[in-house]
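*Asks:* For reference, this is coords-v4.tsv, and it has TSV, C-alpha atoms and all ligand atoms.
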chain	number	residue	atom	x	y	z
A	1	MET	CA	88.74	21.48	51.42
A	2	ALA	CA	85.45	23.11	52.33
A	3	HIS	CA	82.19	22.85	50.42
A	4	ILE	CA	81.59	26.32	48.98
A	5	ILE	CA	78.03	27.43	49.78
A	6	ASP	CA	76.67	29.04	46.61
A	7	GLY	CA	74.49	31.90	47.86
A	8	LYS	CA	73.76	33.11	44.33
A	9	LYS	CA	72.31	29.74	43.32
A	10	ILE	CA	70.32	29.28	46.54
A	11	ALA	CA	68.94	32.84	46.25
A	12	GLY	CA	68.05	32.17	42.59
A	13	ASP	CA	66.07	29.06	43.57
A	14	LEU	CA	64.22	31.04	46.25
A	15	ARG	CA	63.44	33.84	43.81
A	16	ALA	CA	61.98	31.33	41.35
A	17	GLN	CA	59.67	30.05	44.12
A	18	LEU	CA	58.70	33.62	44.99
A	19	ALA	CA	57.84	34.36	41.35
A	20	VAL	CA	55.36	31.45	41.48
A	21	ALA	CA	53.95	32.72	44.81
A	22	CYS	CA	53.45	36.21	43.31
A	23	GLU	CA	51.66	34.74	40.31
A	24	THR	CA	49.39	32.71	42.60
A	25	LEU	CA	48.61	35.74	44.81
A	26	ASN	CA	47.71	37.70	41.71
A	27	GLN	CA	45.46	35.00	40.26
A	28	THR	CA	43.71	33.97	43.48
A	29	ARG	CA	43.33	37.31	45.26
A	30	GLY	CA	44.22	39.95	42.65
A	31	ILE	CA	47.14	41.11	44.80
A	32	VAL	CA	50.41	42.40	43.34
A	33	PRO	CA	52.89	42.58	46.25
A	34	GLY	CA	54.17	46.16	46.53
A	35	LEU	CA	57.41	47.40	48.09
A	36	ALA	CA	58.15	51.08	48.76
A	37	VAL	CA	61.89	51.75	48.62
A	38	VAL	CA	62.95	55.00	50.31
A	39	LEU	CA	66.45	56.37	49.76
A	40	ILE	CA	67.61	59.63	51.33
A	41	GLY	CA	70.71	61.32	49.91
A	42	ASN	CA	73.33	59.82	47.63
A	43	ASN	CA	75.44	57.35	49.57
A	44	PRO	CA	77.02	55.40	46.67
A	45	ALA	CA	76.76	51.98	48.36
A	46	SER	CA	73.11	52.62	49.27
A	47	GLU	CA	72.37	53.63	45.67
A	48	VAL	CA	73.80	50.32	44.45
A	49	TYR	CA	71.81	48.29	47.03
A	50	VAL	CA	68.57	50.12	46.22
A	51	ARG	CA	69.04	49.56	42.48
A	52	MET	CA	69.64	45.84	43.10
A	53	LYS	CA	66.56	45.60	45.33
A	54	LYS	CA	64.31	47.27	42.74
A	55	LYS	CA	65.58	45.01	39.94
A	56	ALA	CA	65.09	41.92	42.10
A	57	CYS	CA	61.47	43.00	42.75
A	58	ALA	CA	60.77	43.37	39.04
A	59	ASP	CA	62.24	39.92	38.31
A	60	VAL	CA	59.78	38.10	40.63
A	61	GLY	CA	56.67	40.23	40.02
A	62	ILE	CA	56.76	42.58	43.01
A	63	ALA	CA	55.85	46.20	42.19
A	64	SER	CA	58.45	48.58	43.61
A	65	PHE	CA	57.68	52.22	44.33
A	66	SER	CA	60.76	54.39	44.53
A	67	HIS	CA	61.05	57.48	46.75
A	68	GLU	CA	64.47	59.08	46.29
A	69	LEU	CA	64.78	62.25	48.36
A	70	PRO	CA	67.63	64.75	48.79
A	71	ALA	CA	70.13	64.50	51.67
A	72	ASP	CA	68.64	67.59	53.39
A	73	THR	CA	65.14	66.08	53.61
A	74	SER	CA	63.77	66.81	57.09
A	75	GLN	CA	62.76	64.12	59.56
A	76	GLU	CA	59.20	65.52	59.48
A	77	THR	CA	59.01	65.13	55.69
A	78	LEU	CA	60.23	61.54	55.93
A	79	LEU	CA	57.74	60.79	58.75
A	80	SER	CA	54.91	62.24	56.61
A	81	LEU	CA	55.92	60.01	53.68
A	82	ILE	CA	55.94	56.94	55.93
A	83	ALA	CA	52.49	57.86	57.27
A	84	VAL	CA	51.16	57.92	53.69
A	85	LEU	CA	52.85	54.60	52.79
A	86	ASN	CA	51.52	52.97	56.00
A	87	VAL	CA	47.92	53.39	54.80
A	88	ASP	CA	48.47	52.85	51.05
A	89	PRO	CA	46.82	49.51	50.15
A	90	LYS	CA	49.18	48.98	47.15
A	91	ILE	CA	52.16	48.98	49.53
A	92	HIS	CA	52.79	45.81	51.55
A	93	GLY	CA	56.40	46.52	52.51
A	94	ILE	CA	58.31	49.70	53.37
A	95	LEU	CA	62.09	49.76	53.19
A	96	VAL	CA	64.00	52.84	54.33
A	97	GLN	CA	67.59	52.31	53.24
A	98	LEU	CA	70.12	52.79	56.05
A	99	PRO	CA	72.29	54.62	56.97
A	100	LEU	CA	70.26	57.83	57.15
A	101	PRO	CA	71.79	61.33	57.21
A	102	HIS	CA	72.88	62.38	60.72
A	103	HIS	CA	70.04	64.89	61.24
A	104	ILE	CA	67.49	62.05	61.00
A	105	ASP	CA	67.05	59.66	63.94
A	106	ALA	CA	66.93	56.13	62.50
A	107	ALA	CA	65.15	54.67	65.55
A	108	THR	CA	62.32	57.25	65.23
A	109	ILE	CA	61.93	56.43	61.53
A	110	ILE	CA	61.95	52.66	62.06
A	111	GLN	CA	59.32	52.99	64.82
A	112	ALA	CA	57.08	55.01	62.49
A	113	ILE	CA	56.82	52.14	59.98
A	114	SER	CA	53.77	49.95	60.50
A	115	PRO	CA	55.08	46.64	61.96
A	116	GLU	CA	52.98	44.74	59.37
A	117	LYS	CA	54.88	46.53	56.56
A	118	ASP	CA	58.31	46.37	58.23
A	119	VAL	CA	59.95	44.02	55.70
A	120	ASP	CA	63.40	44.79	57.16
A	121	GLY	CA	62.21	43.35	60.49
A	122	PHE	CA	63.81	46.25	62.38
A	123	HIS	CA	60.71	47.61	64.21
A	124	PRO	CA	60.83	47.00	68.00
A	125	VAL	CA	57.54	45.04	67.70
A	126	ASN	CA	59.16	42.61	65.24
A	127	ALA	CA	62.40	42.54	67.25
A	128	GLY	CA	60.32	41.64	70.32
A	129	LEU	CA	58.41	38.94	68.43
A	130	LEU	CA	61.74	37.43	67.37
A	131	ALA	CA	63.13	37.62	70.92
A	132	THR	CA	60.06	35.79	72.29
A	133	GLY	CA	59.96	33.24	69.47
A	134	SER	CA	56.63	34.43	68.05
A	135	PRO	CA	55.76	34.78	64.34
A	136	GLY	CA	56.61	38.15	62.79
A	137	LEU	CA	58.71	39.76	60.08
A	138	ARG	CA	62.37	38.81	60.57
A	139	PRO	CA	65.48	40.76	59.45
A	140	CYS	CA	66.61	39.73	55.95
A	141	THR	CA	70.32	39.05	56.42
A	142	PRO	CA	69.80	36.74	59.43
A	143	LEU	CA	67.06	34.89	57.48
A	144	GLY	CA	69.55	34.46	54.63
A	145	ILE	CA	72.24	33.19	56.99
A	146	MET	CA	69.85	30.58	58.44
A	147	ALA	CA	68.93	29.42	54.92
A	148	LEU	CA	72.62	29.03	54.00
A	149	ILE	CA	73.29	26.97	57.16
A	150	GLU	CA	70.30	24.76	56.38
A	151	ASN	CA	71.39	24.39	52.76
A	152	ALA	CA	74.84	23.26	53.91
A	153	GLY	CA	73.04	20.38	55.61
A	154	MET	CA	73.61	21.45	59.20
A	155	ASP	CA	70.96	21.28	61.91
A	156	PRO	CA	72.09	23.86	64.51
A	157	SER	CA	70.47	21.90	67.38
A	158	GLY	CA	73.06	21.28	70.10
A	159	LYS	CA	75.85	22.88	68.06
A	160	HIS	CA	77.98	25.78	69.29
A	161	ALA	CA	77.36	28.88	67.15
A	162	VAL	CA	79.88	31.70	67.52
A	163	ILE	CA	78.74	35.05	66.14
A	164	ILE	CA	81.25	37.85	65.70
A	165	GLY	CA	79.37	41.17	65.72
A	166	ARG	CA	76.47	42.47	67.81
A	167	SER	CA	74.57	44.80	65.47
A	168	ASN	CA	70.78	45.10	65.54
A	169	ILE	CA	70.72	44.22	61.82
A	170	VAL	CA	72.80	41.01	61.90
A	171	GLY	CA	74.56	39.87	65.09
A	172	LYS	CA	71.75	40.14	67.65
A	173	PRO	CA	68.91	38.80	65.47
A	174	VAL	CA	70.94	35.89	64.04
A	175	ALA	CA	71.93	34.95	67.61
A	176	LEU	CA	68.23	34.77	68.53
A	177	MET	CA	67.38	32.71	65.44
A	178	LEU	CA	70.20	30.25	66.16
A	179	LEU	CA	69.04	30.04	69.77
A	180	GLN	CA	65.53	29.28	68.56
A	181	ALA	CA	67.05	26.56	66.38
A	182	HIS	CA	68.49	25.09	69.64
A	183	ALA	CA	72.13	26.08	69.13
A	184	THR	CA	74.37	27.10	72.03
A	185	VAL	CA	75.15	30.69	71.14
A	186	THR	CA	78.14	32.92	71.88
A	187	ILE	CA	78.14	36.55	70.71
A	188	CYS	CA	81.58	38.16	70.34
A	189	HIS	CA	82.40	41.81	69.68
A	190	SER	CA	85.23	44.31	69.66
A	191	ARG	CA	85.87	43.93	73.41
A	192	THR	CA	85.87	40.13	73.48
A	193	HIS	CA	89.09	38.73	74.96
A	194	HIS	CA	90.89	35.88	73.16
A	195	LEU	CA	88.60	36.02	70.16
A	196	ASP	CA	90.63	33.39	68.31
A	197	GLN	CA	90.04	30.87	71.12
A	198	VAL	CA	86.32	31.62	71.28
A	199	VAL	CA	85.96	31.24	67.49
A	200	ALA	CA	87.87	27.94	67.67
A	201	ALA	CA	85.01	26.48	69.76
A	202	GLY	CA	82.43	27.21	67.03
A	203	ASP	CA	80.75	24.46	65.00
A	204	ILE	CA	79.07	27.40	63.24
A	205	VAL	CA	80.91	30.71	62.83
A	206	VAL	CA	79.08	33.83	61.61
A	207	ALA	CA	81.45	36.71	60.81
A	208	ALA	CA	79.66	40.07	60.74
A	209	ILE	CA	82.39	42.50	61.74
A	210	GLY	CA	82.99	44.75	58.75
A	211	GLN	CA	86.77	44.27	58.74
A	212	PRO	CA	88.40	42.80	55.63
A	213	ARG	CA	89.83	39.26	56.06
A	214	PHE	CA	89.76	39.60	59.86
A	215	VAL	CA	88.98	35.99	60.78
A	216	GLN	CA	91.99	33.77	60.16
A	217	GLY	CA	91.81	30.20	58.91
A	218	ASP	CA	93.73	28.81	61.88
A	219	TRP	CA	91.02	30.12	64.26
A	220	ILE	CA	88.44	27.84	62.64
A	221	LYS	CA	87.58	24.43	64.09
A	222	LYS	CA	88.12	21.68	61.49
A	223	GLY	CA	84.82	20.94	59.72
A	224	ALA	CA	82.98	24.04	61.02
A	225	ILE	CA	80.44	25.91	58.92
A	226	VAL	CA	81.61	29.48	58.27
A	227	ILE	CA	79.17	32.16	57.12
A	228	ASP	CA	80.91	35.35	56.00
A	229	VAL	CA	78.57	38.36	56.16
A	230	GLY	CA	81.21	40.96	55.27
A	231	THR	CA	81.34	43.00	52.09
A	232	ASN	CA	84.46	45.15	52.31
A	233	ARG	CA	85.95	47.19	49.49
A	234	LEU	CA	89.75	47.01	49.25
A	235	ASP	CA	91.99	49.83	47.99
A	236	ASP	CA	92.20	48.20	44.54
A	237	GLY	CA	88.39	48.40	44.26
A	238	SER	CA	87.81	44.65	44.71
A	239	LEU	CA	85.43	43.22	47.34
A	240	CYS	CA	86.28	40.78	50.11
A	241	GLY	CA	84.62	39.30	53.17
A	242	ASP	CA	85.36	39.39	56.91
A	243	CYS	CA	87.18	36.02	56.71
A	244	ASP	CA	90.47	35.18	55.11
A	245	PHE	CA	88.78	32.91	52.59
A	246	ALA	CA	91.95	31.20	51.30
A	247	SER	CA	93.00	29.93	54.74
A	248	ALA	CA	89.48	29.46	56.17
A	249	LYS	CA	88.38	27.13	53.36
A	250	GLN	CA	91.30	24.81	54.19
A	251	ARG	CA	89.78	24.09	57.62
A	252	ALA	CA	86.03	24.70	57.31
A	253	GLY	CA	83.61	21.92	56.35
A	254	ALA	CA	81.55	24.49	54.43
A	255	ILE	CA	82.03	28.19	53.85
A	256	SER	CA	80.03	30.95	52.17
A	257	PRO	CA	82.12	33.21	49.93
A	258	ALA	CA	81.89	37.00	50.03
A	259	PRO	CA	80.74	38.30	47.66
A	260	GLY	CA	78.38	35.58	46.40
A	261	GLY	CA	77.19	34.17	49.74
A	262	VAL	CA	75.04	36.15	52.14
A	263	GLY	CA	74.51	39.22	49.89
A	264	PRO	CA	72.21	37.61	47.32
A	265	MET	CA	70.31	35.90	50.16
A	266	THR	CA	69.58	39.21	51.90
A	267	ILE	CA	67.86	40.52	48.79
A	268	ALA	CA	65.94	37.28	48.23
A	269	MET	CA	64.69	37.41	51.84
A	270	LEU	CA	63.53	41.01	51.38
A	271	LEU	CA	61.39	39.72	48.50
A	272	ALA	CA	60.19	36.80	50.65
A	273	ASN	CA	59.20	39.19	53.46
A	274	THR	CA	57.32	41.41	51.00
A	275	VAL	CA	55.40	38.41	49.67
A	276	GLN	CA	54.68	37.31	53.27
A	277	ALA	CA	53.41	40.80	54.16
A	278	ALA	CA	51.21	40.83	51.04
A	279	LYS	CA	49.76	37.39	51.88
A	280	GLN	CA	48.91	38.60	55.39
A	281	SER	CA	47.31	41.84	54.15
B	1	LIG	N1	71.65	49.07	55.08
B	1	LIG	C1	72.49	47.99	55.18
B	1	LIG	N2	71.77	46.86	55.29
B	1	LIG	C2	70.48	47.22	55.25
B	1	LIG	C3	69.26	46.47	55.31
B	1	LIG	O1	69.23	45.23	55.44
B	1	LIG	N3	68.12	47.20	55.22
B	1	LIG	C4	68.13	48.55	55.11
B	1	LIG	N4	66.96	49.16	55.05
B	1	LIG	N5	69.23	49.26	55.05
B	1	LIG	C5	70.40	48.59	55.12
Produce structure tokens that represent the structure in this file.
*Replies:*
Amino acid sequence: MAHIIDGKKIAGDLRAQLAVACETLNQTRGIVPGLAVVLIGNNPASEVYVRMKKKACADVGIASFSHELPADTSQETLLSLIAVLNVDPKIHGILVQLPLPHHIDAATIIQAISPEKDVDGFHPVNAGLLATGSPGLRPCTPLGIMALIENAGMDPSGKHAVIIGRSNIVGKPVALMLLQAHATVTICHSRTHHLDQVVAAGDIVVAAIGQPRFVQGDWIKKGAIVIDVGTNRLDDGSLCGDCDFASAKQRAGAISPAPGGVGPMTIAMLLANTVQAAKQS
């Protein structure tokens, strides 16, 4: 039976360290790390995430500045807000919650954020720094995934990592991070043939598909580390991951549950990036 990787506990430990770092920044340099949280419209899931992010900031001593704008906010208005936040010395990180309404081009918005304040790590400058292995702000969910793998006691060097999903937020950046950690990396997606056989070769499996209980236990190599990035809501209102947890935990050496695995780590890494941006300001 697999070791269950406790993302809530690992995120809690990281948040405690970040609270100390905030205190030190305040005492030594008089800096209170500041995060601007921008939410457009009223997507219910986004509202929940934004509330969790603001509470997490308060818990560690990061000041959060909320900008909640109506769904019909124009792209120009949002760009003007970002321009103001880019030069505000109280703001070290800018988070624009995705998805945005269809009349706003997400790529244009992300490119307008100063790369030094891009605590989501989505700006092409930060994506390029990641791709070339240079220091920069990294996307939060991939950072959380790497911390969970490390916590499970696995060094990715020489191991085969199989990633299911090729998004800019998770699949692509985590592939680059695993590559930098010297793993052999395979990225799978909706057009991959014989997905079960490809997954079966993975010493590390990262499931970031967005389909409930898609990855079956009998696909998993015995002893593999399985990181489940999915948060899917079922018809009965309950949440589940992208892996069939009951069967996957019978074969995996370690597995992160969903919820309670990657989710808390993503928020903790947003805080870590905000503290990093404040330190570098
Ligand atoms: N929507 C879903 N995940 C994320 C994230 O990591 N950052 C932002 N800004 N929006 C998201």
*Asks:* Find the residues around segment 133-142 of chain A up to 9 Å (all atoms listed in the file counted), leave out those fewer than 5 positions away in its own chain, and share them as an MDAnalysis selection string.
*Replies:* chainID A and resid 115:122 125:128 147 169:171 173:177 180 229 262:263 265:270 272:273 276:277
*Asks:* Within 6 Å of ligand LIG 1 (chain B), counting all atoms listed in the file: which residues, as a list of chain:residue names?
*Replies:*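 My answer, listing the contacting residues, is A:Leu95, A:Val96, A:Gln97, A:Leu98, A:Pro99, A:Asp120.
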*Asks:* With all atoms listed in the file as the atoms that count, which of A:Ala181, A:Val60, A:Ile113, A:Leu25 lies nearest to Gly12 of chain A?
*Replies:*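 Nearest candidate to Gly12 of chain A out of A:Ala181, A:Val60, A:Ile113, A:Leu25: A:Val60.
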*Asks:* For Gly253 of chain A, which residue among A:Ile220, A:Leu35, A:Leu195, A:Ile110 is the nearest when counting only C-alpha atoms?
*Replies:* A:Ile220
*Asks:* Just checking: using only C-alpha atoms, which residue out of A:Ala254, A:Leu271, A:Ala201, A:Ile227 ends up closest to Ala58 of chain A?
*Replies:*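 Distance minimum relative to Ala58 of chain A lands on A:Leu271.
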*Asks:* If we draw a sphere of 10 Å around (46.6, 45.8, 52.0), which residues have at least one atom in it when counting all atoms listed in the file? Please report them as a PyMOL selection string.
*Replies:* chain A and resi 31+33-34+86-93+116-117+277-281
*Asks:* May I have the residues from that selection written out with C-alpha atoms, as a CSV table (one decimal), keeping the file's coordinate frame?
*Replies:*
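out22.csv, written as the output of this step:
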chain,number,residue,atom,x,y,z
A,31,ILE,CA,47.1,41.1,44.8
A,33,PRO,CA,52.9,42.6,46.2
A,34,GLY,CA,54.2,46.2,46.5
A,86,ASN,CA,51.5,53.0,56.0
A,87,VAL,CA,47.9,53.4,54.8
A,88,ASP,CA,48.5,52.8,51.0
A,89,PRO,CA,46.8,49.5,50.2
A,90,LYS,CA,49.2,49.0,47.2
A,91,ILE,CA,52.2,49.0,49.5
A,92,HIS,CA,52.8,45.8,51.6
A,93,GLY,CA,56.4,46.5,52.5
A,116,GLU,CA,53.0,44.7,59.4
A,117,LYS,CA,54.9,46.5,56.6
A,277,ALA,CA,53.4,40.8,54.2
A,278,ALA,CA,51.2,40.8,51.0
A,279,LYS,CA,49.8,37.4,51.9
A,280,GLN,CA,48.9,38.6,55.4
A,281,SER,CA,47.3,41.8,54.2
